[in-house]
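Participant: Below is a structure I'd like to ask you about.
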Amino acid sequence: MDIFGYYIPIELLFILCVIFGVLIICSSIFGFISLMNKSDSVSELVVRTNSWWKIAIGITVVATAPAIIGTIVLAYVVFVALREMLSIIPLRTADRIVLVASYFAIPIQFYLAYKNYYYLFQIFIPLVMFVCVSIILVLTGETNRIGRSMAIIPTILILTVYMPSHMVLLFHVNVPEFTVGAGGLIVFLIIITASNDIFQFTWGKLLGKRKILPKISPNKTWAGFIGGVITSSLLGIVLSFLTPLNYIECFYVGLSLGIIGFIGDSIISAVKRDLKIKDTDDLIPGHGGAMDRLDSIVLTTPAFYYLLIFFIEN
Amino acid sequence: MKNIFVSFIYTILVRPWLTFIIGVSFHNIKPLKDANQFIIVANHNSHFDTVSIMAALPSNKRKNTCAVASGDYFGKSPFTVTLMKLFFNAILITKKTKPGHLSNLELLDQRIKEGKSLIMYPEGSRGNPGTISSFKKGIAKLLKENPSVPFIPVYLDGFGRVLPKNKILIVPLICKVRFGSPLFATTNDTKTTLEEVKKEILNLKQKNERDRNQFDFY
């Protein structure tokens, strides 16, 4: 469908209307409740919904704008997430030069993804940056606790840069007779991951009794986990019109994303528990930091990409 | 003309650079709009401290606010002096004052009487990242001389990692500028006032650590 001479696939337009429709309904309900009942929990819901509006606008830009703009927006989001992770983890003064090097890895990684230099993209962070980080640390000459930094910094780079950068590769997925394009794939991935978080929380609150990871997070229960995974699988079937896959394949994708999203959430929760903090930052009002929101999507992005490629090729 | 140029630089370049690239966030800047004259008292870890506080001020307050800086450190080259005077309205004070000149305290007192606001670091030096060392008495004496001028406590978090002492490499990392509300010294005793000021900054530090744990996550 053409809007101001700009082509947006009808499926993408439909799903974006649904997202903003849900947000309008939520905003009006919470706004109405907060008029009558000025409690903290209601005002926090309002704050959270306002943040969801901003996130939804960001998603719309990435999904509908040309690939170059989407790439730049994603690279900046990844920069914010990396900055947050490097800020919360205590590192040595001697590591500062390596931190600058890690920031420069972001534009390079996203350029490789944008240009679809697939093999360079694959090796850049796990191989090149791993060696660079280690050799720069060696050259600083400060050997006290050097092994800790050599382990932590490449891990953070893989988690916050390498994994989410797979989203840019979705711009290059080419399937004949699939007209929705990369925007649909990105929206599919983000909706499944975000709603998986929300449904795991909701099911846990409604039915949850037995805790799944009592030492990591008190909010995660078996009922929440299973309910969330089932809901994501069903949502995958419902949203299959955004992907080139059929219903059964979409069911498997939803199922995997549900489980992997839970794993990502738990990893960041465990790190936060170790550092004795509850949120990574207070960047997004009501949600905490960028990494609090991206915790599950960093892991679901590569999983979705490789599942998609597997199903398309077979 | 000079004022327009400086506020243009701050709003177009410095502030976006601080928030979007370095990762500075400003908290509770509303009380600054109502205060007419004030002495900002902050902990000191980095050269970035003054840049961030100046960037946080509204532009009509910024032109009346002077940063108190060490003349022994910044006064070495005329170029830095010009820059300091242009962007921070710096008052350079030296450890040894020349005979016949005003003493440091008299100089600052005179500036306050002229209606200027000040930015002061009672720790004196930048020290080690993350630590607050003991405060010097000058701030308490100034508050005693000028009972009508409130002090605004500011806690700066994380700047010691962005640009520590004796380093030139700037690393983007999250840091916070947390303003308190304007307060007046309650007693005439300099020692008590000094303790009050330090307590306010430590309170802000505590609040900073508590805020991280405020929300439930899902």
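By convention in this document, the chains of the structure tokens carry letters A, B, ... by their order, each chain's residues are numbered from 1, and ligands are numbered from 1 in the order they are shown.
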Using only C-alpha atoms and a distance of at most 9 Å, pull out the residues of chain A that contact chain B, as a PDB file with N, CA and C atoms, in the first residue's frame.
Facilitator:
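Listing of out.pdb after writing:
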ATOM      1  N   GLU A  44       2.578   3.707  38.002  1.00  0.00           N
ATOM      2  CA  GLU A  44       3.698   3.011  37.370  1.00  0.00           C
ATOM      3  C   GLU A  44       3.258   2.361  36.062  1.00  0.00           C
ATOM      4  N   PHE A  79      24.608   0.381  21.037  1.00  0.00           N
ATOM      5  CA  PHE A  79      25.610   1.208  21.727  1.00  0.00           C
ATOM      6  C   PHE A  79      25.156   1.536  23.147  1.00  0.00           C
ATOM      7  N   VAL A  80      23.874   1.924  23.294  1.00  0.00           N
ATOM      8  CA  VAL A  80      23.342   2.251  24.621  1.00  0.00           C
ATOM      9  C   VAL A  80      23.393   1.024  25.528  1.00  0.00           C
ATOM     10  N   ARG A  83      27.034   0.298  26.514  1.00  0.00           N
ATOM     11  CA  ARG A  83      27.478   1.307  27.477  1.00  0.00           C
ATOM     12  C   ARG A  83      26.947   0.974  28.866  1.00  0.00           C
ATOM     13  N   GLU A  84      25.682   0.522  28.892  1.00  0.00           N
ATOM     14  CA  GLU A  84      25.051   0.181  30.165  1.00  0.00           C
ATOM     15  C   GLU A  84      25.739  -1.016  30.813  1.00  0.00           C
ATOM     16  N   LEU A  86      28.790  -2.136  30.287  1.00  0.00           N
ATOM     17  CA  LEU A  86      30.154  -1.803  30.713  1.00  0.00           C
ATOM     18  C   LEU A  86      30.133  -0.905  31.938  1.00  0.00           C
ATOM     19  N   SER A  87      29.022  -0.153  32.137  1.00  0.00           N
ATOM     20  CA  SER A  87      28.947   0.733  33.299  1.00  0.00           C
ATOM     21  C   SER A  87      28.636  -0.022  34.571  1.00  0.00           C
ATOM     22  N   ILE A  88      27.779  -1.061  34.489  1.00  0.00           N
ATOM     23  CA  ILE A  88      27.369  -1.712  35.733  1.00  0.00           C
ATOM     24  C   ILE A  88      28.418  -2.697  36.221  1.00  0.00           C
ATOM     25  N   THR A  93      40.863   0.459  35.884  1.00  0.00           N
ATOM     26  CA  THR A  93      41.172   1.692  35.152  1.00  0.00           C
ATOM     27  C   THR A  93      41.962   1.365  33.884  1.00  0.00           C
ATOM     28  N   ARG A  96      40.189   0.871  30.356  1.00  0.00           N
ATOM     29  CA  ARG A  96      39.441   1.933  29.681  1.00  0.00           C
ATOM     30  C   ARG A  96      39.708   1.968  28.188  1.00  0.00           C
ATOM     31  N   ILE A  97      40.957   1.731  27.785  1.00  0.00           N
ATOM     32  CA  ILE A  97      41.282   1.789  26.356  1.00  0.00           C
ATOM     33  C   ILE A  97      40.574   0.664  25.595  1.00  0.00           C
ATOM     34  N   LEU A  99      37.675  -0.524  26.425  1.00  0.00           N
ATOM     35  CA  LEU A  99      36.260  -0.142  26.317  1.00  0.00           C
ATOM     36  C   LEU A  99      36.048   0.720  25.077  1.00  0.00           C
ATOM     37  N   VAL A 100      36.982   1.644  24.811  1.00  0.00           N
ATOM     38  CA  VAL A 100      36.863   2.475  23.603  1.00  0.00           C
ATOM     39  C   VAL A 100      36.916   1.592  22.359  1.00  0.00           C
ATOM     40  N   TYR A 103      33.607  -0.025  21.795  1.00  0.00           N
ATOM     41  CA  TYR A 103      32.600   0.851  21.183  1.00  0.00           C
ATOM     42  C   TYR A 103      32.809   0.934  19.676  1.00  0.00           C
ATOM     43  N   ASP A 197       7.722 -12.047  27.223  1.00  0.00           N
ATOM     44  CA  ASP A 197       8.068 -11.470  28.536  1.00  0.00           C
ATOM     45  C   ASP A 197       6.807 -11.153  29.320  1.00  0.00           C
ATOM     46  N   ILE A 198       5.877 -10.461  28.644  1.00  0.00           N
ATOM     47  CA  ILE A 198       4.683  -9.986  29.342  1.00  0.00           C
ATOM     48  C   ILE A 198       3.825 -11.162  29.777  1.00  0.00           C
ATOM     49  N   GLN A 200       4.759 -14.328  30.291  1.00  0.00           N
ATOM     50  CA  GLN A 200       5.383 -15.092  31.374  1.00  0.00           C
ATOM     51  C   GLN A 200       5.127 -14.412  32.708  1.00  0.00           C
ATOM     52  N   PHE A 201       5.197 -13.078  32.706  1.00  0.00           N
ATOM     53  CA  PHE A 201       4.928 -12.315  33.925  1.00  0.00           C
ATOM     54  C   PHE A 201       3.470 -12.484  34.346  1.00  0.00           C
ATOM     55  N   ASN A 219      10.412 -13.727  40.619  1.00  0.00           N
ATOM     56  CA  ASN A 219       9.198 -13.529  39.816  1.00  0.00           C
ATOM     57  C   ASN A 219       8.964 -14.643  38.808  1.00  0.00           C
ATOM     58  N   LYS A 220       9.934 -15.532  38.619  1.00  0.00           N
ATOM     59  CA  LYS A 220       9.792 -16.529  37.554  1.00  0.00           C
ATOM     60  C   LYS A 220       9.257 -17.838  38.144  1.00  0.00           C
ATOM     61  N   ASP A 265      16.492 -13.638  29.582  1.00  0.00           N
ATOM     62  CA  ASP A 265      16.013 -12.922  30.753  1.00  0.00           C
ATOM     63  C   ASP A 265      16.751 -13.396  32.001  1.00  0.00           C
ATOM     64  N   ILE A 277      22.164  -5.289  41.977  1.00  0.00           N
ATOM     65  CA  ILE A 277      21.343  -4.190  41.489  1.00  0.00           C
ATOM     66  C   ILE A 277      20.058  -4.788  40.933  1.00  0.00           C
ATOM     67  N   LYS A 278      19.002  -3.965  40.900  1.00  0.00           N
ATOM     68  CA  LYS A 278      17.742  -4.477  40.382  1.00  0.00           C
ATOM     69  C   LYS A 278      17.545  -4.100  38.919  1.00  0.00           C
ATOM     70  N   ASP A 279      17.988  -2.893  38.552  1.00  0.00           N
ATOM     71  CA  ASP A 279      17.877  -2.446  37.168  1.00  0.00           C
ATOM     72  C   ASP A 279      19.262  -2.033  36.678  1.00  0.00           C
ATOM     73  N   THR A 280      19.467  -2.161  35.356  1.00  0.00           N
ATOM     74  CA  THR A 280      20.766  -1.772  34.832  1.00  0.00           C
ATOM     75  C   THR A 280      20.917  -0.255  34.754  1.00  0.00           C
ATOM     76  N   ASP A 281      19.817   0.487  34.662  1.00  0.00           N
ATOM     77  CA  ASP A 281      19.873   1.953  34.584  1.00  0.00           C
ATOM     78  C   ASP A 281      18.452   2.448  34.797  1.00  0.00           C
ATOM     79  N   ASP A 282      18.229   3.778  34.677  1.00  0.00           N
ATOM     80  CA  ASP A 282      16.853   4.271  34.721  1.00  0.00           C
ATOM     81  C   ASP A 282      16.521   5.050  33.456  1.00  0.00           C
ATOM     82  N   LEU A 283      17.028   4.526  32.329  1.00  0.00           N
ATOM     83  CA  LEU A 283      16.868   5.216  31.039  1.00  0.00           C
ATOM     84  C   LEU A 283      15.416   5.235  30.571  1.00  0.00           C
ATOM     85  N   GLY A 286       9.926   3.323  34.128  1.00  0.00           N
ATOM     86  CA  GLY A 286       9.052   2.188  34.382  1.00  0.00           C
ATOM     87  C   GLY A 286       9.649   0.860  33.988  1.00  0.00           C
ATOM     88  N   HIS A 287      10.683   0.857  33.171  1.00  0.00           N
ATOM     89  CA  HIS A 287      11.263  -0.405  32.707  1.00  0.00           C
ATOM     90  C   HIS A 287      12.675  -0.626  33.232  1.00  0.00           C
ATOM     91  N   GLY A 288      13.332   0.450  33.677  1.00  0.00           N
ATOM     92  CA  GLY A 288      14.739   0.318  34.051  1.00  0.00           C
ATOM     93  C   GLY A 288      15.612   0.764  32.894  1.00  0.00           C
ATOM     94  N   ASP A 292      17.561  -3.986  30.496  1.00  0.00           N
ATOM     95  CA  ASP A 292      16.439  -4.658  31.143  1.00  0.00           C
ATOM     96  C   ASP A 292      15.370  -5.026  30.117  1.00  0.00           C
TER      97      ASP A 292
END
Participant: From a backbone DSSP assignment, name each residue in region 22-154 of chain B labelled helix (DSSP H, G or I), as an mmCIF file with C-alpha atoms, in the first residue's frame.
Facilitator:
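Result file result-v5.cif:
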data_model
loop_
_atom_site.group_PDB
_atom_site.id
_atom_site.type_symbol
_atom_site.label_atom_id
_atom_site.label_comp_id
_atom_site.auth_asym_id
_atom_site.auth_seq_id
_atom_site.Cartn_x
_atom_site.Cartn_y
_atom_site.Cartn_z
ATOM 1 C CA ILE B 22 28.745 9.940 26.986
ATOM 2 C CA LYS B 30 13.573 21.810 38.303
ATOM 3 C CA PRO B 31 14.610 23.684 41.521
ATOM 4 C CA LEU B 32 17.321 25.457 39.503
ATOM 5 C CA LYS B 33 14.703 27.410 37.564
ATOM 6 C CA ASP B 34 13.294 29.061 40.692
ATOM 7 C CA PHE B 48 33.705 16.544 33.307
ATOM 8 C CA ASP B 49 32.060 17.641 36.564
ATOM 9 C CA THR B 50 32.060 21.344 35.699
ATOM 10 C CA VAL B 51 31.077 20.731 32.069
ATOM 11 C CA SER B 52 28.048 18.666 33.117
ATOM 12 C CA ILE B 53 26.861 21.041 35.849
ATOM 13 C CA MET B 54 27.186 23.999 33.473
ATOM 14 C CA ALA B 55 25.293 22.080 30.768
ATOM 15 C CA ALA B 56 22.501 21.274 33.229
ATOM 16 C CA SER B 59 21.016 29.396 29.938
ATOM 17 C CA ASN B 60 19.893 32.545 31.792
ATOM 18 C CA LYS B 61 21.434 31.129 34.998
ATOM 19 C CA ARG B 62 24.547 29.861 33.233
ATOM 20 C CA GLY B 71 44.752 28.941 39.081
ATOM 21 C CA ASP B 72 47.829 26.824 39.755
ATOM 22 C CA TYR B 73 46.499 24.119 37.432
ATOM 23 C CA PHE B 74 44.546 26.024 34.754
ATOM 24 C CA PRO B 78 46.747 31.894 28.369
ATOM 25 C CA PHE B 79 44.761 29.627 26.021
ATOM 26 C CA THR B 80 43.235 27.529 28.830
ATOM 27 C CA VAL B 81 42.559 30.681 30.840
ATOM 28 C CA THR B 82 40.595 32.172 27.923
ATOM 29 C CA LEU B 83 38.636 28.933 27.427
ATOM 30 C CA MET B 84 37.891 28.628 31.151
ATOM 31 C CA LYS B 85 36.713 32.245 31.323
ATOM 32 C CA LEU B 86 34.601 31.902 28.169
ATOM 33 C CA PHE B 87 32.786 28.632 28.904
ATOM 34 C CA PHE B 88 32.835 28.416 32.695
ATOM 35 C CA ASN B 104 40.659 33.908 47.757
ATOM 36 C CA LEU B 105 37.788 34.076 50.208
ATOM 37 C CA GLU B 106 37.421 37.857 49.804
ATOM 38 C CA LEU B 107 37.456 37.463 46.026
ATOM 39 C CA LEU B 108 34.672 34.862 46.057
ATOM 40 C CA ASP B 109 32.693 36.856 48.617
ATOM 41 C CA GLN B 110 32.935 39.902 46.362
ATOM 42 C CA ARG B 111 31.629 37.907 43.378
ATOM 43 C CA ILE B 112 28.645 36.707 45.445
ATOM 44 C CA LYS B 113 27.912 40.291 46.539
ATOM 45 C CA GLY B 138 35.908 27.935 52.580
ATOM 46 C CA ILE B 139 32.376 27.045 51.531
ATOM 47 C CA ALA B 140 31.090 27.250 55.120
ATOM 48 C CA LYS B 141 32.695 30.655 55.600
ATOM 49 C CA LEU B 142 31.093 31.960 52.395
ATOM 50 C CA LEU B 143 27.675 30.692 53.500
ATOM 51 C CA LYS B 144 28.142 32.399 56.868
ATOM 52 C CA GLU B 145 29.052 35.715 55.208
#
Participant: What does the distance between CA of Leu92 (chain B) and CA of Ala69 (chain B) come to in Å, to one decimal place?
Facilitator: 5.0 Å
Participant: Excluding same-chain residues fewer than 5 positions from Ser232 (chain A), what lies within 10 Å of it counting only C-alpha atoms, as a VMD selection string?
Facilitator: chain A and resid 191 to 197 199 to 200 226 to 227 237 to 238 251 to 259
Participant: Which residues are near Gly58 (chain A)? Cut-off 12 Å, only C-alpha atoms, ignore same chain within fewer than 2 positions. Put them as a list in words.
Facilitator: Leu16, Ser51, Trp52, Trp53, Lys54, Ile55, Ala56, Thr60, Val61, Val62, Ala63, Thr64, Ala65, Ile69, Gly70, Ile72, Val73, Leu74, Tyr76, Val77, Ile186, Val187 and Ile190 of chain A
Participant: For the selection you just gave me, I'd like the residues written to a file as a PDB file, in the first residue's frame, keeping N, CA and C atoms.
Facilitator:
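Produced file part_32.pdb, reproduced below:
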ATOM      1  N   LEU A  16       1.032  -2.932  12.522  1.00  0.00           N
ATOM      2  CA  LEU A  16       1.379  -1.694  13.224  1.00  0.00           C
ATOM      3  C   LEU A  16       0.125  -1.025  13.774  1.00  0.00           C
ATOM      4  N   SER A  51       6.281   4.552  28.109  1.00  0.00           N
ATOM      5  CA  SER A  51       7.547   4.076  27.549  1.00  0.00           C
ATOM      6  C   SER A  51       7.305   3.123  26.385  1.00  0.00           C
ATOM      7  N   TRP A  52       6.257   2.281  26.506  1.00  0.00           N
ATOM      8  CA  TRP A  52       5.934   1.372  25.391  1.00  0.00           C
ATOM      9  C   TRP A  52       5.608   2.154  24.126  1.00  0.00           C
ATOM     10  N   TRP A  53       4.950   3.320  24.280  1.00  0.00           N
ATOM     11  CA  TRP A  53       4.662   4.159  23.111  1.00  0.00           C
ATOM     12  C   TRP A  53       5.953   4.504  22.385  1.00  0.00           C
ATOM     13  N   LYS A  54       6.970   4.934  23.146  1.00  0.00           N
ATOM     14  CA  LYS A  54       8.241   5.332  22.520  1.00  0.00           C
ATOM     15  C   LYS A  54       8.896   4.127  21.851  1.00  0.00           C
ATOM     16  N   ILE A  55       8.852   2.965  22.544  1.00  0.00           N
ATOM     17  CA  ILE A  55       9.450   1.766  21.954  1.00  0.00           C
ATOM     18  C   ILE A  55       8.725   1.413  20.659  1.00  0.00           C
ATOM     19  N   ALA A  56       7.382   1.512  20.669  1.00  0.00           N
ATOM     20  CA  ALA A  56       6.596   1.166  19.475  1.00  0.00           C
ATOM     21  C   ALA A  56       6.928   2.101  18.321  1.00  0.00           C
ATOM     22  N   THR A  60       8.438   0.994  14.705  1.00  0.00           N
ATOM     23  CA  THR A  60       7.828   1.407  13.441  1.00  0.00           C
ATOM     24  C   THR A  60       8.873   1.990  12.508  1.00  0.00           C
ATOM     25  N   VAL A  61       9.768   2.822  13.054  1.00  0.00           N
ATOM     26  CA  VAL A  61      10.814   3.430  12.223  1.00  0.00           C
ATOM     27  C   VAL A  61      11.707   2.341  11.642  1.00  0.00           C
ATOM     28  N   VAL A  62      12.179   1.404  12.497  1.00  0.00           N
ATOM     29  CA  VAL A  62      13.081   0.357  12.015  1.00  0.00           C
ATOM     30  C   VAL A  62      12.394  -0.503  10.952  1.00  0.00           C
ATOM     31  N   ALA A  63      11.098  -0.794  11.164  1.00  0.00           N
ATOM     32  CA  ALA A  63      10.414  -1.728  10.267  1.00  0.00           C
ATOM     33  C   ALA A  63      10.017  -1.103   8.943  1.00  0.00           C
ATOM     34  N   THR A  64       9.751   0.200   8.931  1.00  0.00           N
ATOM     35  CA  THR A  64       9.232   0.791   7.694  1.00  0.00           C
ATOM     36  C   THR A  64      10.265   1.625   6.938  1.00  0.00           C
ATOM     37  N   ALA A  65      11.250   2.199   7.641  1.00  0.00           N
ATOM     38  CA  ALA A  65      12.209   3.081   6.971  1.00  0.00           C
ATOM     39  C   ALA A  65      13.177   2.244   6.129  1.00  0.00           C
ATOM     40  N   ILE A  69      18.561   3.442   7.578  1.00  0.00           N
ATOM     41  CA  ILE A  69      18.080   4.123   8.787  1.00  0.00           C
ATOM     42  C   ILE A  69      17.842   3.105   9.900  1.00  0.00           C
ATOM     43  N   GLY A  70      17.226   1.965   9.532  1.00  0.00           N
ATOM     44  CA  GLY A  70      17.010   0.907  10.512  1.00  0.00           C
ATOM     45  C   GLY A  70      18.322   0.447  11.127  1.00  0.00           C
ATOM     46  N   ILE A  72      21.128   2.157  11.423  1.00  0.00           N
ATOM     47  CA  ILE A  72      21.696   3.180  12.311  1.00  0.00           C
ATOM     48  C   ILE A  72      20.959   3.187  13.646  1.00  0.00           C
ATOM     49  N   VAL A  73      19.613   3.097  13.607  1.00  0.00           N
ATOM     50  CA  VAL A  73      18.840   3.091  14.852  1.00  0.00           C
ATOM     51  C   VAL A  73      19.236   1.891  15.705  1.00  0.00           C
ATOM     52  N   LEU A  74      19.317   0.697  15.088  1.00  0.00           N
ATOM     53  CA  LEU A  74      19.684  -0.507  15.837  1.00  0.00           C
ATOM     54  C   LEU A  74      21.097  -0.385  16.411  1.00  0.00           C
ATOM     55  N   TYR A  76      22.623   2.314  17.296  1.00  0.00           N
ATOM     56  CA  TYR A  76      22.613   3.215  18.454  1.00  0.00           C
ATOM     57  C   TYR A  76      22.037   2.520  19.686  1.00  0.00           C
ATOM     58  N   VAL A  77      20.953   1.747  19.485  1.00  0.00           N
ATOM     59  CA  VAL A  77      20.358   1.018  20.617  1.00  0.00           C
ATOM     60  C   VAL A  77      21.382   0.053  21.213  1.00  0.00           C
ATOM     61  N   ILE A 186      11.089  -8.348  11.390  1.00  0.00           N
ATOM     62  CA  ILE A 186      11.537  -7.656  12.594  1.00  0.00           C
ATOM     63  C   ILE A 186      10.372  -7.479  13.556  1.00  0.00           C
ATOM     64  N   VAL A 187       9.204  -7.073  13.021  1.00  0.00           N
ATOM     65  CA  VAL A 187       8.043  -6.873  13.892  1.00  0.00           C
ATOM     66  C   VAL A 187       7.605  -8.203  14.510  1.00  0.00           C
ATOM     67  N   ILE A 190      10.063  -9.039  17.336  1.00  0.00           N
ATOM     68  CA  ILE A 190       9.935  -8.179  18.515  1.00  0.00           C
ATOM     69  C   ILE A 190       8.623  -8.447  19.241  1.00  0.00           C
TER      70      ILE A 190
END
Participant: Tell me which of A:Gln109, A:Thr300, A:Asn144, A:Ser217 sits closest to Arg273 (chain A), counting only C-alpha atoms.
Facilitator: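 When distances to Arg273 (chain A) are compared using only C-alpha atoms, the smallest one comes from A:Ser217.
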Participant: Would you kindly return, as a PyMOL selection string, each protein, DNA or RNA residue with an atom no farther than 12 Å from any atom of Lys205 (chain B), considering only C-alpha atoms and excluding same-chain residues fewer than 2 positions away?
Facilitator: chain B and resi 42-43+130-132+153-158+176-180+198-203+207-212
Participant: One number please: CA of Tyr119 (chain A) to CA of Ala182 (chain A), in Å, one decimal.
Facilitator: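 CA of Ala182 (chain A) lies at a distance of 20.6 Å from CA of Tyr119 (chain A).
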Participant: Can you pull out every residue within 9 Å of Ser117 (chain B), counting only C-alpha atoms, but drop anything in the same chain fewer than 5 positions away, and send it as a count of residues only?
Facilitator: 14
